[in-house]
>>> print(open('protein_31.tsv').read())   # TSV, C-alpha atoms
chain	number	residue	atom	x	y	z
D	51	MET	CA	37.40	83.59	-9.16
D	52	ASN	CA	40.48	82.18	-7.51
D	53	TYR	CA	41.15	82.74	-3.84
D	54	ASP	CA	44.50	82.27	-2.14
D	55	LEU	CA	44.11	79.99	0.88
D	56	THR	CA	47.68	80.31	2.22
D	57	ARG	CA	46.94	82.86	4.96
D	58	LEU	CA	43.82	80.92	5.97
D	59	GLN	CA	45.65	77.60	6.19
D	60	SER	CA	48.50	79.07	8.20
D	61	GLY	CA	46.10	80.63	10.72
D	62	ILE	CA	46.98	84.25	9.94
D	63	GLU	CA	43.40	84.94	8.84
D	64	LYS	CA	40.22	83.44	10.26
D	65	GLU	CA	38.17	83.79	7.05
D	66	ILE	CA	38.20	85.11	3.51
D	67	LEU	CA	35.22	87.27	2.62
D	68	ILE	CA	33.73	87.00	-0.85
D	69	LYS	CA	31.80	89.86	-2.43
D	70	GLU	CA	31.77	89.88	-6.22
D	71	THR	CA	29.54	90.74	-9.14
D	72	TYR	CA	29.97	88.70	-12.29
D	73	SER	CA	28.49	88.88	-15.79
D	74	PHE	CA	28.65	85.72	-17.88
D	75	SER	CA	29.87	85.91	-21.48
D	76	LYS	CA	28.02	84.44	-24.47
D	77	GLU	CA	30.71	81.74	-24.72
D	78	GLU	CA	30.09	80.64	-21.12
D	79	LEU	CA	26.35	80.40	-21.78
D	80	GLU	CA	26.68	78.25	-24.92
D	81	GLY	CA	24.93	74.91	-24.63
D	82	THR	CA	22.42	76.19	-22.07
D	83	GLU	CA	18.93	77.66	-22.37
D	84	ILE	CA	20.13	80.90	-20.76
D	85	LEU	CA	20.05	83.86	-23.14
D	86	SER	CA	21.89	86.22	-20.80
D	87	LEU	CA	23.10	86.29	-17.22
D	88	ASP	CA	24.43	89.63	-16.03
D	89	GLN	CA	25.19	91.22	-12.67
D	90	VAL	CA	25.15	88.02	-10.62
D	91	THR	CA	26.13	88.85	-7.04
D	92	ILE	CA	28.17	86.35	-5.08
D	93	GLU	CA	28.64	86.86	-1.36
D	94	GLY	CA	30.01	84.53	1.24
D	95	ARG	CA	33.07	83.42	3.10
D	96	ILE	CA	35.75	80.74	3.14
D	97	PHE	CA	36.92	79.52	6.55
D	98	LYS	CA	38.39	76.58	8.44
D	99	ASN	CA	35.84	74.52	10.35
D	100	ALA	CA	36.38	72.72	13.67
D	101	LEU	CA	38.05	69.78	11.88
D	102	ASP	CA	40.53	72.13	10.13
D	103	ASN	CA	38.87	71.52	6.75
D	104	ILE	CA	38.26	74.38	4.33
D	105	GLU	CA	34.57	75.22	4.23
D	106	LEU	CA	32.65	77.80	2.27
D	107	THR	CA	29.24	79.40	2.35
D	108	LEU	CA	27.92	81.32	-0.65
D	109	THR	CA	24.80	83.25	-1.54
D	110	ILE	CA	24.26	83.69	-5.27
D	111	ASP	CA	21.61	86.14	-6.51
D	112	GLY	CA	20.75	87.21	-10.02
D	113	THR	CA	18.28	87.15	-12.88
D	114	MET	CA	18.71	84.84	-15.84
D	115	ILE	CA	17.01	85.60	-19.13
D	116	LEU	CA	15.34	82.49	-20.59
D	117	PRO	CA	13.21	81.95	-23.71
D	118	CYS	CA	9.45	81.63	-23.21
D	119	SER	CA	8.28	78.05	-23.80
D	120	ILE	CA	5.47	79.24	-26.06
D	121	THR	CA	6.59	82.45	-27.77
D	122	LEU	CA	10.41	82.21	-27.39
D	123	LYS	CA	10.43	85.82	-26.16
D	124	PRO	CA	13.01	86.61	-23.44
D	125	VAL	CA	11.66	86.14	-19.90
D	126	PRO	CA	13.51	87.29	-16.77
D	127	TYR	CA	13.80	84.56	-14.13
D	128	PRO	CA	15.20	85.69	-10.75
D	129	PHE	CA	17.05	83.19	-8.58
D	130	HIS	CA	18.53	82.96	-5.10
D	131	ILE	CA	20.92	80.12	-4.27
D	132	GLU	CA	22.58	79.25	-0.98
D	133	VAL	CA	25.57	76.91	-1.03
D	134	SER	CA	27.52	75.65	1.94
D	135	GLY	CA	29.82	72.75	2.59
D	136	GLU	CA	33.38	71.57	2.76
D	137	LYS	CA	35.56	72.39	-0.23
D	138	ASP	CA	36.46	68.77	-0.99
D	139	GLU	CA	32.86	67.55	-0.79
D	140	LEU	CA	31.54	70.34	-3.03
D	141	LEU	CA	34.20	69.70	-5.66
D	142	GLU	CA	33.67	65.93	-5.45
D	143	GLU	CA	29.89	66.30	-5.96
D	144	MET	CA	30.54	68.18	-9.17
D	145	GLY	CA	33.12	65.71	-10.39
D	146	GLU	CA	35.85	68.33	-10.30
D	147	ILE	CA	39.30	66.86	-10.02
D	148	GLU	CA	41.19	68.63	-7.28
D	149	LYS	CA	44.22	70.46	-8.55
D	150	LYS	CA	47.61	69.73	-7.06
D	151	ASN	CA	47.84	73.32	-5.81
D	152	GLU	CA	45.92	73.20	-2.54
D	153	ASN	CA	46.73	76.85	-1.82
D	154	THR	CA	44.07	78.26	-4.16
D	155	LEU	CA	40.36	77.68	-4.59
D	156	ASP	CA	38.46	78.48	-7.77
D	157	ILE	CA	34.81	78.98	-6.80
D	158	PHE	CA	33.59	79.53	-10.38
D	159	PRO	CA	32.77	75.82	-11.03
D	160	ILE	CA	30.75	75.69	-7.80
D	161	ILE	CA	28.81	78.81	-8.75
D	162	TRP	CA	28.22	77.68	-12.35
D	163	GLU	CA	27.02	74.20	-11.36
D	164	ASN	CA	24.50	75.62	-8.89
D	165	ILE	CA	23.18	78.15	-11.42
D	166	LEU	CA	22.69	75.38	-14.00
D	167	MET	CA	20.63	73.40	-11.49
D	168	GLU	CA	18.33	76.42	-11.05
D	169	ILE	CA	17.25	76.56	-14.71
D	170	PRO	CA	13.54	75.69	-14.77
D	171	MET	CA	12.11	73.18	-17.22
D	172	LYS	CA	9.64	75.71	-18.58
D	173	VAL	CA	9.01	79.45	-18.31
D	174	THR	CA	6.17	81.37	-19.89
D	175	SER	CA	5.93	85.03	-20.64
D	176	PRO	CA	3.01	86.98	-19.15
D	177	ASP	CA	2.04	88.10	-22.66
D	178	ALA	CA	1.82	84.45	-23.82
D	179	GLU	CA	-1.67	84.14	-22.34
D	180	GLY	CA	-3.36	85.65	-25.39
D	181	VAL	CA	-1.41	83.54	-27.89
D	182	LYS	CA	-3.46	81.28	-30.16
D	183	LEU	CA	-2.51	77.70	-29.29
D	184	GLN	CA	-4.22	75.97	-32.20
D	185	GLY	CA	-4.53	76.42	-35.93
D	186	ASP	CA	-5.49	74.63	-39.12
D	187	GLY	CA	-4.86	70.95	-38.35
D	188	TRP	CA	-2.73	71.43	-35.25
D	189	LYS	CA	-2.98	72.34	-31.59
D	190	LEU	CA	-0.57	72.66	-28.70
D	191	VAL	CA	-1.10	69.77	-26.32
D	192	GLY	CA	-0.46	70.71	-22.70
D	193	GLU	CA	0.82	68.52	-19.89
D	194	GLU	CA	-2.58	68.34	-18.20
D	195	GLU	CA	-4.40	67.62	-21.47
D	196	ASN	CA	-4.81	63.99	-22.54
D	197	ASP	CA	-7.55	62.97	-24.92
D	198	GLY	CA	-6.83	59.22	-24.51
D	199	ASN	CA	-6.26	58.77	-28.22
D	200	THR	CA	-3.11	56.66	-28.05
D	201	ALA	CA	-2.10	53.52	-29.90
D	202	LEU	CA	-1.69	51.52	-26.67
D	203	GLU	CA	-5.04	52.46	-25.16
D	204	GLY	CA	-6.45	48.94	-25.81
D	205	LEU	CA	-3.84	47.31	-23.56
D	206	LYS	CA	-5.44	48.92	-20.53
D	207	ASP	CA	-8.58	46.79	-20.98
D	208	TYR	CA	-6.57	43.63	-21.75
D	209	TYR	CA	-5.10	43.43	-18.25
D	210	LYS	CA	-8.46	44.07	-16.62
D	211	LYS	CA	-9.94	40.97	-18.33
D	212	GLU	CA	-7.13	38.66	-17.20
D	213	VAL	CA	-7.46	39.47	-13.50
>>> encode(input="protein_31.tsv", output="structure tokens")
Amino acid sequence: MNYDLTRLQSGIEKEILIKETYSFSKEELEGTEILSLDQVTIEGRIFKNALDNIELTLTIDGTMILPCSITLKPVPYPFHIEVSGEKDELLEEMGEIEKKNENTLDIFPIIWENILMEIPMKVTSPDAEGVKLQGDGWKLVGEEENDGNTALEGLKDYYKKEV
């Protein structure tokens, strides 16, 4: 997703409009929780701001398919991301080293970084509600559940006595 900035920098054009649809390959999704990510729409513009710096605004919409935290079944998770800022600041935040060619801008790293930040810690499928969460000698312990049966429980009373 490279854009030529030459006409923008020379003042021939006021802005570059972005309107793309992108489907991520399995190789691009490796190392993430995302099972699939198709038909992501990217819309926005690249322009020079009042200080003559290259600035961009993007709107990224799509639906990522993630595994359910309980059943591991695929769950669609829609997202909407808005990104705006100066080119140099956005690339610096991501740790991207600016290429020597200042006449092009690759927006793919900006898009990918923002999508990765949208991945939730946990998703559950609607059909996971009827799933049995305990069995013979085991049970699924939830975040809100705490039976106080820990090895360090006695330390709590120790500090109360000293004060």
>>> atom_distance(input="protein_31.tsv", atom1="atom CA of D:Glu93", atom2="atom CA of D:Ile110")
6.7 Å
>>> closest_residue(input="protein_31.tsv", among="D:Thr113, D:Asn99, D:Ser175, D:Ser134", to="D:Leu58", atoms="all atoms listed in the file")
D:Asn99
>>> closest_residue(input="protein_31.tsv", among="D:Ile160, D:Val173, D:Ala100, D:Ile165", to="D:Lys123", atoms="only C-alpha atoms")
D:Val173
>>> closest_residue(input="protein_31.tsv", among="D:Leu55, D:Leu67, D:Ile84, D:Ile157", to="D:Ile169", atoms="all atoms listed in the file")
D:Ile84
>>> axis_aligned_box(input="protein_31.tsv", around="stretch 64-81 of chain D", padding_each_side="5 Å", output="JSON")
{"center_x": 32.6, "center_y": 82.8, "center_z": -7.3, "size_x": 25.3, "size_y": 25.8, "size_z": 45.2}
>>> decode(input="protein_31.tsv", residues="stretch 52-152 of chain D", atoms="C-alpha atoms", output="short mmCIF file (atom, residue, chain, number, x, y, z; two decimals), in the first residue's frame")
data_model
loop_
_atom_site.label_atom_id
_atom_site.label_comp_id
_atom_site.auth_asym_id
_atom_site.auth_seq_id
_atom_site.Cartn_x
_atom_site.Cartn_y
_atom_site.Cartn_z
CA ASN D 52 2.56 2.49 -1.19
CA TYR D 53 1.57 6.00 -2.15
CA ASP D 54 3.67 8.38 -4.21
CA LEU D 55 4.03 11.70 -2.39
CA THR D 56 5.88 13.59 -5.15
CA ARG D 57 2.86 15.50 -6.51
CA LEU D 58 1.72 16.29 -2.97
CA GLN D 59 5.12 17.60 -1.89
CA SER D 60 5.50 19.75 -4.99
CA GLY D 61 2.08 21.34 -4.48
CA ILE D 62 0.50 19.96 -7.66
CA GLU D 63 -2.09 18.05 -5.61
CA LYS D 64 -3.69 19.13 -2.34
CA GLU D 65 -4.39 15.59 -1.09
CA ILE D 66 -4.20 11.92 -1.96
CA LEU D 67 -7.42 10.01 -1.38
CA ILE D 68 -7.24 6.46 -0.06
CA LYS D 69 -9.99 3.94 -0.70
CA GLU D 70 -8.91 0.31 -0.60
CA THR D 71 -10.15 -3.10 0.42
CA TYR D 72 -7.57 -5.57 1.65
CA SER D 73 -7.67 -9.24 2.65
CA PHE D 74 -4.84 -10.50 4.84
CA SER D 75 -3.08 -13.74 3.94
CA LYS D 76 -2.48 -16.63 6.35
CA GLU D 77 1.23 -15.74 6.40
CA GLU D 78 0.48 -12.18 7.52
CA LEU D 79 -1.74 -13.48 10.34
CA GLU D 80 0.85 -15.93 11.71
CA GLY D 81 1.79 -15.25 15.32
CA THR D 82 -1.55 -13.58 16.10
CA GLU D 83 -4.83 -14.86 17.51
CA ILE D 84 -6.63 -13.81 14.32
CA LEU D 85 -7.96 -16.78 12.33
CA SER D 86 -8.95 -14.71 9.30
CA LEU D 87 -9.23 -11.07 8.31
CA ASP D 88 -10.89 -10.42 4.96
CA GLN D 89 -12.41 -7.42 3.22
CA VAL D 90 -10.91 -4.75 5.47
CA THR D 91 -11.85 -1.34 4.10
CA ILE D 92 -9.37 1.49 4.42
CA GLU D 93 -10.49 5.03 3.62
CA GLY D 94 -8.76 8.30 4.26
CA ARG D 95 -6.47 10.92 2.86
CA ILE D 96 -2.86 12.07 2.89
CA PHE D 97 -2.26 15.83 2.85
CA LYS D 98 0.15 18.57 3.87
CA ASN D 99 -0.79 20.36 7.07
CA ALA D 100 -0.20 24.05 7.90
CA LEU D 101 3.43 23.32 8.87
CA ASP D 102 4.08 21.60 5.49
CA ASN D 103 4.34 18.18 7.17
CA ILE D 104 2.74 15.12 5.63
CA GLU D 105 -0.33 14.12 7.62
CA LEU D 106 -2.78 11.30 7.17
CA THR D 107 -6.21 10.35 8.42
CA LEU D 108 -7.51 6.80 8.06
CA THR D 109 -10.66 4.92 8.89
CA ILE D 110 -10.23 1.15 9.05
CA ASP D 111 -13.31 -1.10 9.19
CA GLY D 112 -13.58 -4.86 9.13
CA THR D 113 -14.39 -8.05 10.97
CA MET D 114 -11.68 -10.28 12.38
CA ILE D 115 -12.39 -13.92 13.12
CA LEU D 116 -11.03 -14.94 16.54
CA PRO D 117 -11.21 -18.21 18.50
CA CYS D 118 -13.73 -18.39 21.35
CA SER D 119 -11.97 -18.39 24.74
CA ILE D 120 -14.03 -21.35 25.92
CA THR D 121 -14.89 -23.48 22.88
CA LEU D 122 -12.22 -22.33 20.37
CA LYS D 123 -14.96 -21.96 17.75
CA PRO D 124 -14.53 -19.03 15.31
CA VAL D 125 -16.18 -15.81 16.51
CA PRO D 126 -16.61 -12.72 14.31
CA TYR D 127 -15.37 -9.53 15.99
CA PRO D 128 -16.16 -6.29 14.11
CA PHE D 129 -13.87 -3.30 14.55
CA HIS D 130 -13.72 0.37 13.58
CA ILE D 131 -10.44 2.26 13.91
CA GLU D 132 -9.69 5.92 13.29
CA VAL D 133 -6.07 6.97 12.86
CA SER D 134 -4.77 10.47 12.31
CA GLY D 135 -1.46 12.19 12.75
CA GLU D 136 1.73 13.30 11.09
CA LYS D 137 3.56 10.69 9.05
CA ASP D 138 6.80 10.94 11.01
CA GLU D 139 5.08 10.71 14.40
CA LEU D 140 2.99 7.69 13.40
CA LEU D 141 6.01 5.84 12.06
CA GLU D 142 8.09 6.77 15.11
CA GLU D 143 5.41 5.47 17.51
CA MET D 144 5.54 2.11 15.79
CA GLY D 145 9.32 2.00 15.77
CA GLU D 146 9.42 2.03 11.99
CA ILE D 147 12.69 3.30 10.60
CA GLU D 148 12.00 5.88 7.95
CA LYS D 149 13.23 4.85 4.56
CA LYS D 150 15.60 7.09 2.67
CA ASN D 151 13.01 7.52 -0.08
CA GLU D 152 10.80 10.30 1.26
#
